[in-house]
Amino acid sequence: MQRCSVCKKAPDDSAAGGAPPKRWHEFTCYAATKYGDTVALTGSAPQLGGWDLARAVKLSCTGFSSRGGQYVWYARVELDTSKREEIEYKYVWIKADGRVQWDAGGNRALQADRCGEVDLFD
């Protein structure tokens with residue numbers, strides 16, 4: 001039986017009714033947004049919209065950070081971790097005028113074999 005790479009416990013595949021295990025993941029990012037802008041999260045998992053911006057998770061602006069004068073954006077998403085594979089994701093900045101700007105660089109990733117809640121500060 002494969003064990004979690006973080007806590008070394010055996011995976012709990014015996015959820016009630018045989019349902020796939022799900023874990024909460026908290027995504028936090030910092031962005032120099034302006035009034036009317038939105039930050040969204042999309043990725044390879046169906047719960048992240050499957051790379052479809054129309055189904056992407058909208059983050060909430062939770063405040064202002066002194067970290068470079070940027071706003072803090074947050075979402076808490078329950079992800080299916082039953083496949084225990086890497087989940088890729090990206091942040092998308094949707095400007096007030098409708099223009100879309102994808103997060104620069106390659107896709108971000110998280111390992112789905114992690115136990116419990118996972119906080120991601122990007």
# chains A, B, ... in the order shown; residues from 1 in each chain; ligands from 1
call {"tool": "select_by_dssp", "arguments": {"residues": "range 61-111 of chain A", "states": "strand (DSSP E)", "output": "ChimeraX atom specification"}}
result
/A:61-65,70-80,86-94,100-102,108-111
call {"tool": "atom_distance", "arguments": {"atom1": "CA of Asp37 in chain A", "atom2": "CA of Lys95 in chain A"}}
result
4.4 Å
call {"tool": "residues_around", "arguments": {"residues": "range 58-72 of chain A", "least_positions_apart": "5", "cutoff": "7 Å", "atoms": "only C-alpha atoms", "output": "PyMOL selection string"}}
result
chain A and resi 28-33+39-41
call {"tool": "write_last_selection", "arguments": {"atoms": "all heavy atoms", "output": "short mmCIF file (atom, residue, chain, number, x, y, z; two decimals), in the first residue's frame"}}
result
data_model
loop_
_atom_site.label_atom_id
_atom_site.label_comp_id
_atom_site.auth_asym_id
_atom_site.auth_seq_id
_atom_site.Cartn_x
_atom_site.Cartn_y
_atom_site.Cartn_z
N THR A 28 -3.94 30.98 -2.08
CA THR A 28 -3.78 32.41 -1.80
C THR A 28 -2.77 32.97 -2.78
O THR A 28 -1.69 32.41 -2.95
CB THR A 28 -3.29 32.64 -0.36
OG1 THR A 28 -4.21 32.03 0.55
CG2 THR A 28 -3.18 34.13 -0.05
N CYS A 29 -3.11 34.07 -3.43
CA CYS A 29 -2.14 34.72 -4.31
C CYS A 29 -2.20 36.23 -4.10
O CYS A 29 -3.15 36.76 -3.52
CB CYS A 29 -2.37 34.35 -5.78
SG CYS A 29 -3.77 35.14 -6.55
N TYR A 30 -1.17 36.89 -4.55
CA TYR A 30 -1.05 38.34 -4.43
C TYR A 30 -1.04 38.93 -5.84
O TYR A 30 -0.31 38.45 -6.70
CB TYR A 30 0.25 38.71 -3.70
CG TYR A 30 0.31 38.10 -2.32
CD1 TYR A 30 0.82 36.82 -2.12
CD2 TYR A 30 -0.15 38.80 -1.21
CE1 TYR A 30 0.86 36.25 -0.86
CE2 TYR A 30 -0.11 38.24 0.06
CZ TYR A 30 0.39 36.96 0.23
OH TYR A 30 0.44 36.41 1.48
N ALA A 31 -1.87 39.96 -6.06
CA ALA A 31 -1.95 40.55 -7.39
C ALA A 31 -2.22 42.05 -7.29
O ALA A 31 -2.98 42.50 -6.44
CB ALA A 31 -3.05 39.88 -8.20
N ALA A 32 -1.59 42.81 -8.17
CA ALA A 32 -1.77 44.26 -8.22
C ALA A 32 -3.00 44.58 -9.07
O ALA A 32 -2.91 45.14 -10.15
CB ALA A 32 -0.52 44.93 -8.79
N THR A 33 -4.15 44.18 -8.55
CA THR A 33 -5.40 44.37 -9.29
C THR A 33 -5.96 45.77 -9.05
O THR A 33 -5.55 46.47 -8.14
CB THR A 33 -6.43 43.32 -8.86
OG1 THR A 33 -6.54 43.36 -7.43
CG2 THR A 33 -6.01 41.93 -9.29
N VAL A 39 -9.67 37.77 -9.94
CA VAL A 39 -8.66 36.72 -10.10
C VAL A 39 -9.39 35.39 -10.02
O VAL A 39 -10.23 35.18 -9.16
CB VAL A 39 -7.56 36.82 -9.02
CG1 VAL A 39 -6.59 35.64 -9.14
CG2 VAL A 39 -6.82 38.13 -9.13
N ALA A 40 -9.07 34.50 -10.96
CA ALA A 40 -9.69 33.19 -11.01
C ALA A 40 -8.60 32.12 -10.99
O ALA A 40 -7.42 32.41 -11.23
CB ALA A 40 -10.55 33.04 -12.26
N LEU A 41 -9.01 30.92 -10.72
CA LEU A 41 -8.11 29.77 -10.63
C LEU A 41 -8.67 28.68 -11.53
O LEU A 41 -9.84 28.33 -11.43
CB LEU A 41 -8.08 29.29 -9.18
CG LEU A 41 -7.33 28.03 -8.84
CD1 LEU A 41 -5.83 28.24 -9.01
CD2 LEU A 41 -7.62 27.62 -7.40
#
